[in-house]
$ cat final_32.pdb   # PDB, C-alpha atoms, pLDDT in the B column
ATOM      1  CA  MET A 221      97.544 157.722 102.787  1.00 71.00           C
ATOM      2  CA  CYS A 222      98.160 153.992 102.916  1.00 73.00           C
ATOM      3  CA  ALA A 223      97.101 153.863 106.517  1.00 75.00           C
ATOM      4  CA  PRO A 224      96.548 150.377 107.917  1.00 74.00           C
ATOM      5  CA  ARG A 225      92.935 149.309 108.364  1.00 77.00           C
ATOM      6  CA  SER A 226      93.196 149.813 112.113  1.00 78.00           C
ATOM      7  CA  ALA A 227      94.209 153.501 111.783  1.00 80.00           C
ATOM      8  CA  SER A 228      91.853 156.074 113.201  1.00 81.00           C
ATOM      9  CA  VAL A 229      91.927 159.856 113.432  1.00 85.00           C
ATOM     10  CA  LEU A 230      89.631 161.780 115.777  1.00 90.00           C
ATOM     11  CA  ASP A 231      87.858 158.520 116.571  1.00 86.00           C
ATOM     12  CA  ARG A 232      87.145 157.984 112.853  1.00 87.00           C
ATOM     13  CA  PRO A 233      88.261 154.685 111.257  1.00 85.00           C
ATOM     14  CA  VAL A 234      90.129 156.291 108.347  1.00 84.00           C
ATOM     15  CA  GLY A 235      92.153 153.147 107.662  1.00 83.00           C
ATOM     16  CA  GLN A 236      89.045 151.056 107.095  1.00 87.00           C
ATOM     17  CA  TRP A 237      87.447 153.874 105.083  1.00 87.00           C
ATOM     18  CA  LEU A 238      90.469 154.104 102.757  1.00 85.00           C
ATOM     19  CA  SER A 239      90.593 150.324 102.456  1.00 85.00           C
ATOM     20  CA  ASN A 240      86.948 150.326 101.357  1.00 86.00           C
ATOM     21  CA  LEU A 241      87.646 153.056  98.791  1.00 87.00           C
ATOM     22  CA  ARG A 242      90.565 151.057  97.336  1.00 86.00           C
ATOM     23  CA  ARG A 243      88.318 148.119  96.433  1.00 87.00           C
ATOM     24  CA  PRO A 244      87.958 147.671  92.670  1.00 88.00           C
ATOM     25  CA  GLY A 245      84.994 149.680  91.387  1.00 87.00           C
ATOM     26  CA  ALA A 246      84.371 151.500  94.678  1.00 88.00           C
ATOM     27  CA  LEU A 247      84.774 154.948  93.101  1.00 88.00           C
ATOM     28  CA  GLU A 248      83.186 154.319  89.694  1.00 88.00           C
ATOM     29  CA  SER A 249      80.101 156.368  90.555  1.00 90.00           C
ATOM     30  CA  HIS A 250      82.157 159.056  92.370  1.00 90.00           C
ATOM     31  CA  PRO A 251      85.019 160.245  90.118  1.00 89.00           C
ATOM     32  CA  GLU A 252      85.177 163.502  92.076  1.00 92.00           C
ATOM     33  CA  TRP A 253      86.090 161.515  95.214  1.00 89.00           C
ATOM     34  CA  LYS A 254      88.990 159.896  93.373  1.00 89.00           C
ATOM     35  CA  THR A 255      90.164 163.332  92.187  1.00 91.00           C
ATOM     36  CA  ALA A 256      89.936 164.716  95.724  1.00 91.00           C
ATOM     37  CA  LEU A 257      91.922 161.783  97.157  1.00 88.00           C
ATOM     38  CA  GLU A 258      94.610 162.102  94.459  1.00 88.00           C
ATOM     39  CA  ALA A 259      94.885 165.827  95.241  1.00 90.00           C
ATOM     40  CA  VAL A 260      95.778 164.908  98.832  1.00 89.00           C
ATOM     41  CA  ASP A 261      98.162 162.065  97.874  1.00 84.00           C
ATOM     42  CA  GLU A 262      98.732 160.709  94.369  1.00 85.00           C
ATOM     43  CA  ASP A 263      99.765 157.384  95.939  1.00 82.00           C
ATOM     44  CA  TRP A 264      96.639 156.913  98.056  1.00 83.00           C
ATOM     45  CA  ASN A 265      95.807 153.787  96.003  1.00 84.00           C
ATOM     46  CA  PRO A 266      99.082 152.515  94.533  1.00 85.00           C
ATOM     47  CA  SER A 267      99.283 149.692  92.006  1.00 88.00           C
ATOM     48  CA  TRP A 268     101.862 147.997  94.268  1.00 90.00           C
ATOM     49  CA  PRO A 269     101.170 146.612  97.740  1.00 90.00           C
ATOM     50  CA  ALA A 270     100.034 149.134 100.344  1.00 85.00           C
ATOM     51  CA  GLU A 271     102.575 147.629 102.773  1.00 88.00           C
ATOM     52  CA  TRP A 272     105.382 148.671 100.401  1.00 93.00           C
ATOM     53  CA  GLN A 273     103.898 152.166 100.213  1.00 89.00           C
ATOM     54  CA  ARG A 274     103.751 152.417 104.022  1.00 88.00           C
ATOM     55  CA  HIS A 275     107.432 151.593 104.304  1.00 91.00           C
ATOM     56  CA  PHE A 276     108.306 154.011 101.516  1.00 91.00           C
ATOM     57  CA  ALA A 277     106.279 156.802 103.143  1.00 87.00           C
ATOM     58  CA  VAL A 278     108.314 156.433 106.343  1.00 86.00           C
ATOM     59  CA  VAL A 279     111.591 156.465 104.387  1.00 85.00           C
ATOM     60  CA  ARG A 280     110.400 159.530 102.461  1.00 84.00           C
ATOM     61  CA  GLU A 281     109.607 161.361 105.706  1.00 82.00           C
ATOM     62  CA  MET A 282     112.926 160.344 107.273  1.00 81.00           C
ATOM     63  CA  LEU A 283     114.925 161.511 104.277  1.00 77.00           C
ATOM     64  CA  ALA A 284     112.930 164.671 103.600  1.00 73.00           C
ATOM     65  CA  GLU A 285     114.810 166.387 106.415  1.00 69.00           C
ATOM     66  CA  GLU A 286     118.223 165.238 105.175  1.00 66.00           C
ATOM     67  CA  THR A 287     120.229 166.917 102.424  1.00 47.00           C
ATOM     68  CA  ILE A 288     121.954 163.646 101.518  1.00 50.00           C
ATOM     69  CA  LEU A 289     120.803 160.051 101.732  1.00 54.00           C
ATOM     70  CA  ALA A 290     121.455 158.910 105.259  1.00 59.00           C
ATOM     71  CA  TYR A 291     122.233 155.282 105.899  1.00 69.00           C
ATOM     72  CA  VAL A 292     119.336 153.693 107.727  1.00 76.00           C
ATOM     73  CA  GLU A 293     120.624 150.572 109.430  1.00 81.00           C
ATOM     74  CA  PRO A 294     118.548 147.412 109.753  1.00 86.00           C
ATOM     75  CA  GLY A 295     116.820 147.497 113.104  1.00 85.00           C
ATOM     76  CA  VAL A 296     115.644 151.122 112.807  1.00 83.00           C
ATOM     77  CA  THR A 297     111.960 150.641 113.551  1.00 85.00           C
ATOM     78  CA  VAL A 298     109.163 153.153 112.978  1.00 85.00           C
ATOM     79  CA  HIS A 299     105.535 152.288 113.760  1.00 84.00           C
ATOM     80  CA  GLY A 300     106.564 148.652 114.172  1.00 87.00           C
ATOM     81  CA  MET A 301     108.202 148.499 110.727  1.00 88.00           C
ATOM     82  CA  ASP A 302     111.915 147.708 110.377  1.00 91.00           C
ATOM     83  CA  ILE A 303     112.707 150.468 107.902  1.00 89.00           C
ATOM     84  CA  GLY A 304     116.439 149.742 107.659  1.00 88.00           C
ATOM     85  CA  LYS A 305     115.859 146.092 106.820  1.00 92.00           C
ATOM     86  CA  TRP A 306     113.170 147.016 104.272  1.00 93.00           C
ATOM     87  CA  LEU A 307     115.392 149.630 102.635  1.00 91.00           C
ATOM     88  CA  ASP A 308     118.331 147.234 102.409  1.00 90.00           C
ATOM     89  CA  LYS A 309     116.074 144.618 100.819  1.00 94.00           C
ATOM     90  CA  GLN A 310     114.814 147.089  98.177  1.00 93.00           C
ATOM     91  CA  ARG A 311     118.412 147.785  97.132  1.00 93.00           C
ATOM     92  CA  LYS A 312     119.220 144.128  96.405  1.00 94.00           C
ATOM     93  CA  PRO A 313     119.587 143.780  92.620  1.00 93.00           C
ATOM     94  CA  GLU A 314     117.087 140.926  92.371  1.00 93.00           C
ATOM     95  CA  VAL A 315     114.466 142.823  94.415  1.00 94.00           C
ATOM     96  CA  TRP A 316     115.153 146.083  92.562  1.00 95.00           C
ATOM     97  CA  ALA A 317     114.552 144.300  89.248  1.00 94.00           C
ATOM     98  CA  SER A 318     111.173 143.042  90.508  1.00 95.00           C
ATOM     99  CA  LEU A 319     109.946 146.539  91.464  1.00 95.00           C
ATOM    100  CA  SER A 320     107.650 148.443  89.130  1.00 94.00           C
ATOM    101  CA  GLY A 321     108.927 151.510  87.306  1.00 93.00           C
ATOM    102  CA  GLY A 322     106.933 153.730  89.659  1.00 93.00           C
ATOM    103  CA  GLN A 323     108.518 152.156  92.726  1.00 94.00           C
ATOM    104  CA  ARG A 324     112.053 152.505  91.316  1.00 95.00           C
ATOM    105  CA  LYS A 325     111.304 156.114  90.322  1.00 93.00           C
ATOM    106  CA  ARG A 326     110.139 156.973  93.854  1.00 91.00           C
ATOM    107  CA  LEU A 327     113.191 155.365  95.461  1.00 91.00           C
ATOM    108  CA  GLY A 328     115.536 156.960  92.910  1.00 91.00           C
ATOM    109  CA  ALA A 329     114.124 160.412  93.664  1.00 88.00           C
ATOM    110  CA  PHE A 330     115.763 160.115  97.091  1.00 83.00           C
ATOM    111  CA  GLY A 331     119.040 158.738  95.745  1.00 85.00           C
ATOM    112  CA  ILE A 332     118.175 155.178  96.666  1.00 88.00           C
ATOM    113  CA  VAL A 333     119.730 152.941  94.032  1.00 89.00           C
ATOM    114  CA  PRO A 334     120.414 149.215  93.909  1.00 91.00           C
ATOM    115  CA  HIS A 335     123.599 147.765  95.337  1.00 87.00           C
ATOM    116  CA  ALA A 336     126.161 146.682  92.772  1.00 85.00           C
ATOM    117  CA  PRO A 337     125.688 142.994  91.960  1.00 80.00           C
ATOM    118  CA  GLU A 338     128.042 140.756  93.866  1.00 76.00           C
ATOM    119  CA  PRO A 339     130.693 139.095  91.739  1.00 77.00           C
ATOM    120  CA  GLU A 340     129.908 135.527  90.921  1.00 76.00           C
ATOM    121  CA  ALA A 341     131.681 133.001  93.096  1.00 73.00           C
ATOM    122  CA  PRO A 342     134.207 130.847  91.270  1.00 76.00           C
ATOM    123  CA  ALA A 343     132.789 127.557  90.136  1.00 73.00           C
ATOM    124  CA  LYS A 344     133.291 124.781  92.631  1.00 75.00           C
ATOM    125  CA  PRO A 345     135.179 121.756  91.396  1.00 71.00           C
ATOM    126  CA  SER A 346     132.912 119.021  90.179  1.00 70.00           C
ATOM    127  CA  THR A 347     132.096 116.321  92.666  1.00 72.00           C
ATOM    128  CA  ALA A 348     130.989 113.977  89.903  1.00 73.00           C
ATOM    129  CA  PRO A 349     132.808 110.653  89.882  1.00 68.00           C
ATOM    130  CA  VAL A 350     135.744 110.528  87.487  1.00 76.00           C
ATOM    131  CA  SER A 351     137.278 107.584  85.727  1.00 85.00           C
ATOM    132  CA  ALA A 352     140.493 105.928  86.826  1.00 86.00           C
ATOM    133  CA  PHE A 353     142.243 107.413  83.787  1.00 87.00           C
ATOM    134  CA  GLU A 354     141.162 110.951  84.692  1.00 84.00           C
ATOM    135  CA  ARG A 355     142.345 110.449  88.275  1.00 82.00           C
ATOM    136  CA  GLY A 356     145.661 109.183  86.953  1.00 83.00           C
ATOM    137  CA  VAL A 357     146.164 112.195  84.683  1.00 82.00           C
ATOM    138  CA  ALA A 358     145.298 114.541  87.565  1.00 81.00           C
ATOM    139  CA  ALA A 359     147.792 112.738  89.829  1.00 81.00           C
ATOM    140  CA  LEU A 360     150.514 112.999  87.192  1.00 82.00           C
ATOM    141  CA  ALA A 361     149.871 116.703  86.740  1.00 80.00           C
ATOM    142  CA  GLN A 362     150.158 117.217  90.501  1.00 80.00           C
ATOM    143  CA  TYR A 363     153.268 115.042  90.778  1.00 77.00           C
ATOM    144  CA  LYS A 364     155.057 116.682  87.899  1.00 77.00           C
ATOM    145  CA  GLY A 365     154.611 120.222  89.131  1.00 70.00           C
ATOM    146  CA  PRO A 366     156.867 123.037  87.940  1.00 69.00           C
ATOM    147  CA  GLY A 367     160.428 121.988  87.206  1.00 67.00           C
ATOM    148  CA  ARG A 368     159.856 118.254  87.832  1.00 68.00           C
ATOM    149  CA  ALA A 369     160.146 115.520  85.249  1.00 64.00           C
ATOM    150  CA  LEU A 370     158.171 112.318  85.231  1.00 60.00           C
ATOM    151  CA  CYS A 371     161.118 109.951  85.670  1.00 62.00           C
ATOM    152  CA  GLY A 372     160.465 106.338  84.817  1.00 54.00           C
ATOM    153  CA  PHE A 373     157.949 106.976  82.057  1.00 50.00           C
ATOM    154  CA  GLN A 374     160.438 107.558  79.285  1.00 50.00           C
ATOM    155  CA  GLY A 375     159.995 104.588  77.003  1.00 50.00           C
ATOM    156  CA  ALA A 376     157.916 102.636  79.505  1.00 48.00           C
ATOM    157  CA  THR A 377     154.482 101.283  78.695  1.00 51.00           C
ATOM    158  CA  TRP A 378     151.550 101.460  81.039  1.00 52.00           C
ATOM    159  CA  SER A 379     151.515  97.702  81.393  1.00 51.00           C
ATOM    160  CA  GLY A 380     155.230  97.703  82.201  1.00 49.00           C
ATOM    161  CA  TRP A 381     154.728 100.422  84.784  1.00 49.00           C
ATOM    162  CA  ARG A 382     151.908  98.532  86.486  1.00 50.00           C
ATOM    163  CA  MET A 383     154.029  95.424  86.756  1.00 48.00           C
ATOM    164  CA  GLY A 384     156.772  97.395  88.441  1.00 50.00           C
ATOM    165  CA  ARG A 385     159.071  97.446  85.417  1.00 50.00           C
ATOM    166  CA  ARG A 386     160.502 100.801  84.490  1.00 50.00           C
ATOM    167  CA  SER A 387     162.590 101.759  81.533  1.00 48.00           C
ATOM    168  CA  SER A 388     166.248 102.093  82.239  1.00 48.00           C
ATOM    169  CA  SER A 389     166.485 105.599  80.891  1.00 47.00           C
ATOM    170  CA  VAL A 390     167.613 108.287  83.294  1.00 48.00           C
ATOM    171  CA  CYS A 391     165.722 111.507  83.859  1.00 52.00           C
ATOM    172  CA  SER A 392     167.670 114.674  83.414  1.00 48.00           C
TER     173      SER A 392
END

$ encode --input "final_32.pdb" --output "structure tokens"
Amino acid sequence: MCAPRSASVLDRPVGQWLSNLRRPGALESHPEWKTALEAVDEDWNPSWPAEWQRHFAVVREMLAEETILAYVEPGVTVHGMDIGKWLDKQRKPEVWASLSGGQRKRLGAFGIVPHAPEPEAPAKPSTAPVSAFERGVAALAQYKGPGRALCGFQGATWSGWRMGRRSSSVCS
């Protein structure tokens, strides 16, 4: 019963009527009206957005005829609402976490559960500038590689290396 405001039945503007009844305090002097509306549909005035309830109502009707949860692909449109896209969005872990307990309970009753969280992507190498020393160490590590020795550094000093002088020791 979360009909849009423009909904009408038998030339009666039921959507506008329901919208008026959902206003805060509209039923304070008529508790029997609230009871009668809840007897028709407990979710006639949900605590979550009516738009969410409209989408859910369509999913509920679609799945009521199925014995197992059917996959509703994005692009499946009912009454102008992309139900598949909406359903996929509800199953995203970050959206699922933002739903109220009542919303998760209603989805779960039809076997709709959140997707497994995607594994975190490996950290990207830092693009921060590094010192000349750090670049040198990284270059040495790449040059050495498995099974390679750093010939020329045995006994040499950095200053001797820079000047082109190497020690006379031989790498094995």

$ residues_near_point --input "final_32.pdb" --point "(101.8, 146.6, 91.4)" --cutoff "9 Å" --atoms "all atoms listed in the file" --output "list of chain:residue names"
A:Pro266, A:Ser267, A:Trp268, A:Pro269, A:Leu319, A:Ser320, A:Gly322, A:Gln323

$ residues_around --input "final_32.pdb" --residues "A:Thr297" --least-positions-apart "2" --cutoff "12 Å" --atoms "only C-alpha atoms" --output "NGL selection string"
:A and (275 or 278-279 or 282 or 292-295 or 299-307)

$ write_last_selection --input "final_32.pdb" --atoms "C-alpha atoms" --output "PDB file, keeping the file's coordinate frame"
ATOM      1  CA  HIS A 275     107.432 151.593 104.304  1.00 91.00           C
ATOM      2  CA  VAL A 278     108.314 156.433 106.343  1.00 86.00           C
ATOM      3  CA  VAL A 279     111.591 156.465 104.387  1.00 85.00           C
ATOM      4  CA  MET A 282     112.926 160.344 107.273  1.00 81.00           C
ATOM      5  CA  VAL A 292     119.336 153.693 107.727  1.00 76.00           C
ATOM      6  CA  GLU A 293     120.624 150.572 109.430  1.00 81.00           C
ATOM      7  CA  PRO A 294     118.548 147.412 109.753  1.00 86.00           C
ATOM      8  CA  GLY A 295     116.820 147.497 113.104  1.00 85.00           C
ATOM      9  CA  HIS A 299     105.535 152.288 113.760  1.00 84.00           C
ATOM     10  CA  GLY A 300     106.564 148.652 114.172  1.00 87.00           C
ATOM     11  CA  MET A 301     108.202 148.499 110.727  1.00 88.00           C
ATOM     12  CA  ASP A 302     111.915 147.708 110.377  1.00 91.00           C
ATOM     13  CA  ILE A 303     112.707 150.468 107.902  1.00 89.00           C
ATOM     14  CA  GLY A 304     116.439 149.742 107.659  1.00 88.00           C
ATOM     15  CA  LYS A 305     115.859 146.092 106.820  1.00 92.00           C
ATOM     16  CA  TRP A 306     113.170 147.016 104.272  1.00 93.00           C
ATOM     17  CA  LEU A 307     115.392 149.630 102.635  1.00 91.00           C
TER      18      LEU A 307
END

$ atom_distance --input "final_32.pdb" --atom1 "atom CA of A:Gln310" --atom2 "atom CA of A:Phe276"
10.1 Å

$ residues_near_point --input "final_32.pdb" --point "(114.8, 147.2, 92.1)" --cutoff "12 Å" --atoms "all atoms listed in the file" --output "VMD selection string"
chain A and resid 307 to 328 332 to 337

$ resolve_selection --input "final_32.pdb" --expression "the PyMOL selection byres ((chain A and resi 237) around 10)" --output "PyMOL selection string"
chain A and resi 223+225-228+232-236+238-242

$ atom_distance --input "final_32.pdb" --atom1 "atom CA of A:Ala246" --atom2 "atom CA of A:Trp264"
13.8 Å

$ atom_distance --input "final_32.pdb" --atom1 "atom CA of A:Pro345" --atom2 "atom CA of A:Ala358"
13.0 Å

$ residues_around --input "final_32.pdb" --residues "stretch 251-261 of chain A" --least-positions-apart "4" --cutoff "9 Å" --atoms "only C-alpha atoms" --output "number ranges by chain"
A: 221, 241, 247, 265

$ closest_residue --input "final_32.pdb" --among "A:Ala359, A:Leu283, A:Ala343, A:Ala352" --to "A:Ala329" --atoms "all atoms listed in the file"
A:Leu283

$ decode --input "final_32.pdb" --residues "stretch 236-247 of chain A" --atoms "all heavy atoms" --output "PDB file, in the first residue's frame"
ATOM      1  N   GLN A 236      -2.863   9.764  -3.154  1.00  0.00           N
ATOM      2  CA  GLN A 236      -2.857  11.014  -2.399  1.00  0.00           C
ATOM      3  C   GLN A 236      -3.474  10.810  -1.016  1.00  0.00           C
ATOM      4  O   GLN A 236      -2.987  11.319  -0.020  1.00  0.00           O
ATOM      5  CB  GLN A 236      -3.611  12.108  -3.159  1.00  0.00           C
ATOM      6  CG  GLN A 236      -3.555  13.470  -2.487  1.00  0.00           C
ATOM      7  CD  GLN A 236      -2.137  14.002  -2.377  1.00  0.00           C
ATOM      8  OE1 GLN A 236      -1.419  14.088  -3.376  1.00  0.00           O
ATOM      9  NE2 GLN A 236      -1.704  14.331  -1.165  1.00  0.00           N
ATOM     10  N   TRP A 237      -4.535  10.024  -0.946  1.00  0.00           N
ATOM     11  CA  TRP A 237      -5.203   9.739   0.325  1.00  0.00           C
ATOM     12  C   TRP A 237      -4.244   9.055   1.297  1.00  0.00           C
ATOM     13  O   TRP A 237      -4.123   9.447   2.456  1.00  0.00           O
ATOM     14  CB  TRP A 237      -6.442   8.874   0.056  1.00  0.00           C
ATOM     15  CG  TRP A 237      -7.205   8.461   1.263  1.00  0.00           C
ATOM     16  CD1 TRP A 237      -7.949   9.258   2.086  1.00  0.00           C
ATOM     17  CD2 TRP A 237      -7.293   7.134   1.778  1.00  0.00           C
ATOM     18  NE1 TRP A 237      -8.503   8.495   3.091  1.00  0.00           N
ATOM     19  CE2 TRP A 237      -8.118   7.187   2.929  1.00  0.00           C
ATOM     20  CE3 TRP A 237      -6.773   5.903   1.385  1.00  0.00           C
ATOM     21  CZ2 TRP A 237      -8.437   6.064   3.686  1.00  0.00           C
ATOM     22  CZ3 TRP A 237      -7.087   4.790   2.136  1.00  0.00           C
ATOM     23  CH2 TRP A 237      -7.900   4.874   3.267  1.00  0.00           C
ATOM     24  N   LEU A 238      -3.525   8.027   0.810  1.00  0.00           N
ATOM     25  CA  LEU A 238      -2.552   7.338   1.667  1.00  0.00           C
ATOM     26  C   LEU A 238      -1.423   8.271   2.078  1.00  0.00           C
ATOM     27  O   LEU A 238      -0.969   8.249   3.219  1.00  0.00           O
ATOM     28  CB  LEU A 238      -1.994   6.111   0.954  1.00  0.00           C
ATOM     29  CG  LEU A 238      -2.919   4.906   0.869  1.00  0.00           C
ATOM     30  CD1 LEU A 238      -2.353   3.870  -0.097  1.00  0.00           C
ATOM     31  CD2 LEU A 238      -3.138   4.295   2.238  1.00  0.00           C
ATOM     32  N   SER A 239      -0.966   9.092   1.147  1.00  0.00           N
ATOM     33  CA  SER A 239       0.091  10.051   1.453  1.00  0.00           C
ATOM     34  C   SER A 239      -0.348  10.997   2.569  1.00  0.00           C
ATOM     35  O   SER A 239       0.427  11.302   3.484  1.00  0.00           O
ATOM     36  CB  SER A 239       0.456  10.837   0.194  1.00  0.00           C
ATOM     37  OG  SER A 239       1.483  11.751   0.462  1.00  0.00           O
ATOM     38  N   ASN A 240      -1.594  11.449   2.515  1.00  0.00           N
ATOM     39  CA  ASN A 240      -2.116  12.321   3.568  1.00  0.00           C
ATOM     40  C   ASN A 240      -2.178  11.595   4.907  1.00  0.00           C
ATOM     41  O   ASN A 240      -1.893  12.178   5.953  1.00  0.00           O
ATOM     42  CB  ASN A 240      -3.514  12.836   3.195  1.00  0.00           C
ATOM     43  CG  ASN A 240      -3.477  13.807   2.037  1.00  0.00           C
ATOM     44  OD1 ASN A 240      -2.438  14.380   1.712  1.00  0.00           O
ATOM     45  ND2 ASN A 240      -4.618  13.990   1.382  1.00  0.00           N
ATOM     46  N   LEU A 241      -2.544  10.320   4.894  1.00  0.00           N
ATOM     47  CA  LEU A 241      -2.640   9.548   6.129  1.00  0.00           C
ATOM     48  C   LEU A 241      -1.272   9.243   6.739  1.00  0.00           C
ATOM     49  O   LEU A 241      -1.166   9.010   7.945  1.00  0.00           O
ATOM     50  CB  LEU A 241      -3.407   8.247   5.891  1.00  0.00           C
ATOM     51  CG  LEU A 241      -4.892   8.404   5.543  1.00  0.00           C
ATOM     52  CD1 LEU A 241      -5.495   7.044   5.203  1.00  0.00           C
ATOM     53  CD2 LEU A 241      -5.649   9.066   6.678  1.00  0.00           C
ATOM     54  N   ARG A 242      -0.228   9.254   5.921  1.00  0.00           N
ATOM     55  CA  ARG A 242       1.131   8.975   6.404  1.00  0.00           C
ATOM     56  C   ARG A 242       1.759  10.177   7.097  1.00  0.00           C
ATOM     57  O   ARG A 242       2.786  10.035   7.758  1.00  0.00           O
ATOM     58  CB  ARG A 242       2.034   8.540   5.241  1.00  0.00           C
ATOM     59  CG  ARG A 242       1.783   7.148   4.777  1.00  0.00           C
ATOM     60  CD  ARG A 242       2.880   6.706   3.786  1.00  0.00           C
ATOM     61  NE  ARG A 242       2.427   5.529   3.120  1.00  0.00           N
ATOM     62  CZ  ARG A 242       1.943   5.496   1.876  1.00  0.00           C
ATOM     63  NH1 ARG A 242       1.898   6.592   1.154  1.00  0.00           N
ATOM     64  NH2 ARG A 242       1.531   4.377   1.358  1.00  0.00           N
ATOM     65  N   ARG A 243       1.188  11.349   6.921  1.00  0.00           N
ATOM     66  CA  ARG A 243       1.757  12.548   7.561  1.00  0.00           C
ATOM     67  C   ARG A 243       1.806  12.344   9.071  1.00  0.00           C
ATOM     68  O   ARG A 243       0.889  11.746   9.654  1.00  0.00           O
ATOM     69  CB  ARG A 243       0.903  13.788   7.261  1.00  0.00           C
ATOM     70  CG  ARG A 243       1.064  14.335   5.891  1.00  0.00           C
ATOM     71  CD  ARG A 243       0.342  15.666   5.774  1.00  0.00           C
ATOM     72  NE  ARG A 243      -0.858  15.650   6.631  1.00  0.00           N
ATOM     73  CZ  ARG A 243      -2.075  15.947   6.223  1.00  0.00           C
ATOM     74  NH1 ARG A 243      -2.288  16.312   5.003  1.00  0.00           N
ATOM     75  NH2 ARG A 243      -3.097  15.891   7.068  1.00  0.00           N
ATOM     76  N   PRO A 244       2.852  12.855   9.712  1.00  0.00           N
ATOM     77  CA  PRO A 244       2.929  12.718  11.178  1.00  0.00           C
ATOM     78  C   PRO A 244       1.691  13.326  11.845  1.00  0.00           C
ATOM     79  O   PRO A 244       1.276  14.430  11.539  1.00  0.00           O
ATOM     80  CB  PRO A 244       4.183  13.510  11.549  1.00  0.00           C
ATOM     81  CG  PRO A 244       5.005  13.536  10.294  1.00  0.00           C
ATOM     82  CD  PRO A 244       4.021  13.530   9.164  1.00  0.00           C
ATOM     83  N   GLY A 245       1.096  12.559  12.755  1.00  0.00           N
ATOM     84  CA  GLY A 245      -0.058  13.020  13.513  1.00  0.00           C
ATOM     85  C   GLY A 245      -1.394  12.912  12.811  1.00  0.00           C
ATOM     86  O   GLY A 245      -2.435  13.226  13.394  1.00  0.00           O
ATOM     87  N   ALA A 246      -1.417  12.458  11.563  1.00  0.00           N
ATOM     88  CA  ALA A 246      -2.668  12.418  10.800  1.00  0.00           C
ATOM     89  C   ALA A 246      -3.683  11.445  11.392  1.00  0.00           C
ATOM     90  O   ALA A 246      -4.885  11.653  11.244  1.00  0.00           O
ATOM     91  CB  ALA A 246      -2.384  12.063   9.342  1.00  0.00           C
ATOM     92  N   LEU A 247      -3.239  10.411  12.069  1.00  0.00           N
ATOM     93  CA  LEU A 247      -4.163   9.408  12.600  1.00  0.00           C
ATOM     94  C   LEU A 247      -4.295   9.444  14.125  1.00  0.00           C
ATOM     95  O   LEU A 247      -4.885   8.539  14.714  1.00  0.00           O
ATOM     96  CB  LEU A 247      -3.720   8.009  12.157  1.00  0.00           C
ATOM     97  CG  LEU A 247      -3.750   7.752  10.658  1.00  0.00           C
ATOM     98  CD1 LEU A 247      -3.210   6.373  10.348  1.00  0.00           C
ATOM     99  CD2 LEU A 247      -5.155   7.905  10.116  1.00  0.00           C
TER     100      LEU A 247
END
